[in-house]
Amino acid sequence: EIDKDESGNPTGVLREGALDWVKSNIPKPNVEQLKNIMKKTAEEALSLGLTSLQSNDSNATDFDTVFEAYKSLADEGQLKVRIFEEIHTSRPEKLKLFLEKGMRTGFGDDYFKIGNIKLFADGSLGARTAAMRQVYADDSETKGIFVYSQEQLDEMINMAHKAGMQVACHAIGDGAIEQCINAIEKAQEKHPKELRHRIVHCQIADKDIFERMVSLGIAADIQPPFVASDYTIVEDRVGSERAGKSYGWKTMLDLGIHLGGGSDCPVETYDPLWGIYCAVTRQDENGQPVDGWLPNEKLSVEEAVKLYTIGSAYLSFEEDKKGTIKVGKLADMVVLSEDIFEIKPQNIKNTKVLMTMVGGKIQYTRNGTI
């Protein structure tokens, strides 16, 4: 959608698919520019204790440039973090273009692997473009924006699933989440196989949705920092009843849904300690609300740590290689300034990373010395 004023003139606000036109006119970086960006970001990630990143910084049409940049860094021994690369695509013809390359989820090595196909099924809660089953509480004229019809989404997910590609569906509203579940269910019925498809965000939902996810083996890629950012607007947007069932990380975990912890960077910081703090306290940086927002959905420190370790490793089919410190696994580890299992939860966000190790090699120290 393109917002317009009373006279019908565009205001400059573009929503969801309308952004594609703008993006198509932004000059693309070349391989060397991408390599420099990747190296700089990897150093920052290491300083935050991140050893692996799941990123959707490529799409089906410019994938070759991104792939060449990553491969070049890996060949030169300059890729210091591990990458699980999502491929963002929006139309069947673009998905087909990528699938014709012959690459599938898991293709690559321990430093760079092809990840999932990323689809956007709806928008955001703040902009009222997250797609709902019912109208918004503060705008009875809209249920949000469904990027696809059910038939279109069925086609996209079936195409990826049949080819052996994991799918990650951005879906915030219960309408979009339900639409994605329907499409995954149909694809699995036609071509039975385990691909650990996942719903990204999975925010406005309830138990009936979660139970369907469990039965279909659908995982969730959740962003605990969204609790701190969104809690002041959720009830306004969807009303108290739907709000009370939203961002239900603990409910999802207890039902048996596999969860991985993410950030949605650059929307939020990708500091995992901030994410752990948000998952445990369900508070913002000022410690509000005092008891945490929907405190029954708080996670324990151990559960929150698992989101960013074994949980994320599971989503990339790598739980046998990383996610826990164990003989025979990749030696990806961090040393923290505090024992976050012992300190007050409110202090987790202030904990510092002293050292980051990737593959048994020290790649970062806080003071620059070992």
# chains A, B, ... in the order shown; residues from 1 in each chain; ligands from 1

$ residues_around --residues "Ala160 in chain A" --least-positions-apart "3" --cutoff "10 Å" --atoms "only C-alpha atoms" --output "list in words"
Pro92, Leu95, Lys96, Leu99, Arg104, Asn116, Ile117, Glu155, Met156, Ile157, Ala163, Gly164, Met165, Gln166, Val167 and Ala187 of chain A

$ residues_around --residues "Glu85 in chain A" --least-positions-apart "2" --cutoff "12 Å" --atoms "only C-alpha atoms" --output "PDB file with C-alpha atoms, in the first residue's frame"
ATOM      1  CA  SER A  52      27.015 -18.329  14.232  1.00  0.00           C
ATOM      2  CA  LEU A  53      24.606 -16.092  12.359  1.00  0.00           C
ATOM      3  CA  GLN A  54      21.444 -16.931  10.461  1.00  0.00           C
ATOM      4  CA  SER A  55      21.025 -14.144   7.958  1.00  0.00           C
ATOM      5  CA  ASN A  56      18.669 -13.301   5.088  1.00  0.00           C
ATOM      6  CA  ASP A  57      20.911 -10.753   3.393  1.00  0.00           C
ATOM      7  CA  SER A  58      20.485 -12.311  -0.050  1.00  0.00           C
ATOM      8  CA  ASN A  59      17.550 -12.885  -2.336  1.00  0.00           C
ATOM      9  CA  ALA A  60      16.975 -15.140  -5.274  1.00  0.00           C
ATOM     10  CA  PHE A  63      22.275 -14.496  -4.576  1.00  0.00           C
ATOM     11  CA  VAL A  66      26.440 -12.697  -1.931  1.00  0.00           C
ATOM     12  CA  PHE A  67      27.492 -16.317  -2.366  1.00  0.00           C
ATOM     13  CA  TYR A  70      31.064 -15.475   1.395  1.00  0.00           C
ATOM     14  CA  LYS A  71      32.947 -18.153  -0.548  1.00  0.00           C
ATOM     15  CA  ARG A  82      29.537 -19.381  10.810  1.00  0.00           C
ATOM     16  CA  ILE A  83      26.758 -18.439   8.386  1.00  0.00           C
ATOM     17  CA  ILE A  87      17.355 -16.785   0.597  1.00  0.00           C
ATOM     18  CA  HIS A  88      14.562 -14.228   0.502  1.00  0.00           C
ATOM     19  CA  MET A 103      21.633 -25.808  -4.038  1.00  0.00           C
ATOM     20  CA  ARG A 104      19.540 -26.972  -1.120  1.00  0.00           C
ATOM     21  CA  THR A 105      19.304 -26.404   2.639  1.00  0.00           C
ATOM     22  CA  GLY A 106      22.533 -27.635   4.232  1.00  0.00           C
ATOM     23  CA  PHE A 107      24.705 -27.248   1.122  1.00  0.00           C
ATOM     24  CA  GLY A 108      28.151 -25.987   2.119  1.00  0.00           C
ATOM     25  CA  ASP A 109      30.541 -26.474   5.015  1.00  0.00           C
ATOM     26  CA  TYR A 111      31.451 -21.947   7.966  1.00  0.00           C
ATOM     27  CA  PHE A 112      28.949 -21.236   5.205  1.00  0.00           C
ATOM     28  CA  LYS A 113      25.782 -23.162   4.471  1.00  0.00           C
ATOM     29  CA  ILE A 114      22.709 -22.592   2.368  1.00  0.00           C
ATOM     30  CA  GLY A 115      19.842 -22.079   4.775  1.00  0.00           C
ATOM     31  CA  ASN A 116      16.130 -21.733   4.161  1.00  0.00           C
ATOM     32  CA  ILE A 117      13.798 -19.972   1.791  1.00  0.00           C
ATOM     33  CA  LYS A 118      12.473 -16.847   3.545  1.00  0.00           C
ATOM     34  CA  GLN A 166      13.440 -25.521   4.559  1.00  0.00           C
ATOM     35  CA  ALA A 168      10.954 -19.763   7.207  1.00  0.00           C
ATOM     36  CA  SER A 316      19.812 -25.194  11.138  1.00  0.00           C
TER      37      SER A 316
END

$ closest_residue --among "A:Phe341, A:Phe120, A:Trp274, A:Trp21" --to "Val227 in chain A" --atoms "only C-alpha atoms"
A:Trp274

$ select_by_dssp --residues "range 97-168 of chain A" --states "alpha helix (DSSP H)" --output "PyMOL selection string"
chain A and resi 97-99+150-163

$ write_last_selection --atoms "N, CA, C and O atoms" --output "short mmCIF file (atom, residue, chain, number, x, y, z; two decimals), in the first residue's frame"
data_model
loop_
_atom_site.label_atom_id
_atom_site.label_comp_id
_atom_site.auth_asym_id
_atom_site.auth_seq_id
_atom_site.Cartn_x
_atom_site.Cartn_y
_atom_site.Cartn_z
N LEU A 97 14.02 -19.71 -9.99
CA LEU A 97 15.34 -19.26 -10.43
C LEU A 97 16.42 -19.75 -9.48
O LEU A 97 17.48 -20.23 -9.91
N PHE A 98 16.16 -19.65 -8.17
CA PHE A 98 17.15 -20.13 -7.21
C PHE A 98 17.24 -21.65 -7.22
O PHE A 98 18.34 -22.22 -7.22
N LEU A 99 16.12 -22.34 -7.23
CA LEU A 99 16.12 -23.80 -7.17
C LEU A 99 16.86 -24.41 -8.35
O LEU A 99 17.46 -25.49 -8.24
N GLN A 150 -4.14 -17.63 0.06
CA GLN A 150 -3.79 -18.97 0.50
C GLN A 150 -3.24 -19.80 -0.66
O GLN A 150 -2.26 -20.54 -0.51
N GLU A 151 -3.83 -19.68 -1.83
CA GLU A 151 -3.39 -20.45 -2.99
C GLU A 151 -1.98 -20.08 -3.41
O GLU A 151 -1.16 -20.95 -3.76
N GLN A 152 -1.64 -18.78 -3.36
CA GLN A 152 -0.30 -18.35 -3.73
C GLN A 152 0.75 -18.86 -2.75
O GLN A 152 1.82 -19.33 -3.15
N LEU A 153 0.42 -18.80 -1.46
CA LEU A 153 1.36 -19.28 -0.46
C LEU A 153 1.51 -20.79 -0.55
O LEU A 153 2.62 -21.33 -0.39
N ASP A 154 0.41 -21.49 -0.81
CA ASP A 154 0.47 -22.95 -1.01
C ASP A 154 1.47 -23.29 -2.11
O ASP A 154 2.28 -24.22 -1.97
N GLU A 155 1.40 -22.56 -3.20
CA GLU A 155 2.28 -22.82 -4.34
C GLU A 155 3.74 -22.60 -3.97
O GLU A 155 4.61 -23.44 -4.28
N MET A 156 4.04 -21.50 -3.30
CA MET A 156 5.42 -21.18 -2.93
C MET A 156 6.00 -22.21 -1.98
O MET A 156 7.11 -22.73 -2.17
N ILE A 157 5.26 -22.52 -0.92
CA ILE A 157 5.77 -23.44 0.09
C ILE A 157 5.87 -24.85 -0.47
O ILE A 157 6.84 -25.58 -0.20
N ASN A 158 4.91 -25.26 -1.28
CA ASN A 158 4.98 -26.59 -1.88
C ASN A 158 6.19 -26.72 -2.80
O ASN A 158 6.87 -27.76 -2.81
N MET A 159 6.47 -25.67 -3.55
CA MET A 159 7.60 -25.70 -4.47
C MET A 159 8.92 -25.88 -3.70
O MET A 159 9.78 -26.69 -4.06
N ALA A 160 9.07 -25.10 -2.63
CA ALA A 160 10.28 -25.19 -1.82
C ALA A 160 10.37 -26.53 -1.11
O ALA A 160 11.42 -27.19 -1.10
N HIS A 161 9.27 -26.95 -0.49
CA HIS A 161 9.24 -28.21 0.26
C HIS A 161 9.55 -29.40 -0.64
O HIS A 161 10.36 -30.26 -0.29
N LYS A 162 8.92 -29.47 -1.78
CA LYS A 162 9.13 -30.57 -2.72
C LYS A 162 10.60 -30.66 -3.13
O LYS A 162 11.14 -31.76 -3.30
N ALA A 163 11.25 -29.50 -3.26
CA ALA A 163 12.65 -29.46 -3.68
C ALA A 163 13.62 -29.77 -2.55
O ALA A 163 14.82 -29.92 -2.78
#

$ atom_distance --atom1 "CA of Asp138 in chain A" --atom2 "CA of Arg242 in chain A"
12.9 Å

$ closest_atom_pairs --of "range 223-269 of chain A" --to "range 285-302 of chain A" --cutoff "7 Å" --atoms "only C-alpha atoms" --output "CSV"
residue,atom,partner,partner_atom,distance
A:Tyr231,CA,A:Trp293,CA,6.8
A:Gly248,CA,A:Glu297,CA,5.8
A:Trp249,CA,A:Glu297,CA,6.0
A:Lys250,CA,A:Glu297,CA,4.7
A:Thr251,CA,A:Glu297,CA,6.7

$ write_last_selection --atoms "all heavy atoms" --output "PDB file, in the first residue's frame"
ATOM      1  N   TYR A 231       5.449  -4.282  24.211  1.00  0.00           N
ATOM      2  CA  TYR A 231       4.421  -4.524  25.227  1.00  0.00           C
ATOM      3  C   TYR A 231       3.495  -3.323  25.451  1.00  0.00           C
ATOM      4  O   TYR A 231       2.341  -3.480  25.854  1.00  0.00           O
ATOM      5  CB  TYR A 231       5.039  -4.978  26.553  1.00  0.00           C
ATOM      6  CG  TYR A 231       5.639  -3.889  27.415  1.00  0.00           C
ATOM      7  CD1 TYR A 231       4.862  -3.201  28.361  1.00  0.00           C
ATOM      8  CD2 TYR A 231       6.984  -3.548  27.320  1.00  0.00           C
ATOM      9  CE1 TYR A 231       5.404  -2.209  29.158  1.00  0.00           C
ATOM     10  CE2 TYR A 231       7.529  -2.560  28.109  1.00  0.00           C
ATOM     11  CZ  TYR A 231       6.742  -1.885  29.033  1.00  0.00           C
ATOM     12  OH  TYR A 231       7.287  -0.891  29.821  1.00  0.00           O
ATOM     13  N   GLY A 248       3.795 -15.928  23.399  1.00  0.00           N
ATOM     14  CA  GLY A 248       3.682 -17.009  24.378  1.00  0.00           C
ATOM     15  C   GLY A 248       4.838 -17.988  24.352  1.00  0.00           C
ATOM     16  O   GLY A 248       4.652 -19.188  24.138  1.00  0.00           O
ATOM     17  N   TRP A 249       6.031 -17.483  24.633  1.00  0.00           N
ATOM     18  CA  TRP A 249       7.232 -18.327  24.517  1.00  0.00           C
ATOM     19  C   TRP A 249       7.179 -19.541  25.461  1.00  0.00           C
ATOM     20  O   TRP A 249       7.524 -20.655  25.067  1.00  0.00           O
ATOM     21  CB  TRP A 249       8.492 -17.528  24.797  1.00  0.00           C
ATOM     22  CG  TRP A 249       8.631 -16.172  24.170  1.00  0.00           C
ATOM     23  CD1 TRP A 249       9.269 -15.096  24.710  1.00  0.00           C
ATOM     24  CD2 TRP A 249       8.179 -15.713  22.885  1.00  0.00           C
ATOM     25  NE1 TRP A 249       9.223 -14.011  23.857  1.00  0.00           N
ATOM     26  CE2 TRP A 249       8.562 -14.358  22.728  1.00  0.00           C
ATOM     27  CE3 TRP A 249       7.466 -16.323  21.853  1.00  0.00           C
ATOM     28  CZ2 TRP A 249       8.278 -13.620  21.601  1.00  0.00           C
ATOM     29  CZ3 TRP A 249       7.180 -15.570  20.714  1.00  0.00           C
ATOM     30  CH2 TRP A 249       7.575 -14.234  20.595  1.00  0.00           C
ATOM     31  N   LYS A 250       6.780 -19.335  26.713  1.00  0.00           N
ATOM     32  CA  LYS A 250       6.756 -20.428  27.683  1.00  0.00           C
ATOM     33  C   LYS A 250       5.697 -21.465  27.307  1.00  0.00           C
ATOM     34  O   LYS A 250       5.948 -22.671  27.380  1.00  0.00           O
ATOM     35  CB  LYS A 250       6.480 -19.871  29.087  1.00  0.00           C
ATOM     36  CG  LYS A 250       6.438 -20.931  30.195  1.00  0.00           C
ATOM     37  CD  LYS A 250       7.772 -21.621  30.384  1.00  0.00           C
ATOM     38  CE  LYS A 250       7.728 -22.551  31.592  1.00  0.00           C
ATOM     39  NZ  LYS A 250       8.978 -23.334  31.736  1.00  0.00           N
ATOM     40  N   THR A 251       4.536 -21.003  26.889  1.00  0.00           N
ATOM     41  CA  THR A 251       3.482 -21.917  26.460  1.00  0.00           C
ATOM     42  C   THR A 251       3.959 -22.766  25.292  1.00  0.00           C
ATOM     43  O   THR A 251       3.751 -23.986  25.261  1.00  0.00           O
ATOM     44  CB  THR A 251       2.215 -21.138  26.059  1.00  0.00           C
ATOM     45  OG1 THR A 251       1.723 -20.420  27.192  1.00  0.00           O
ATOM     46  CG2 THR A 251       1.133 -22.075  25.542  1.00  0.00           C
TER      47      THR A 251
END
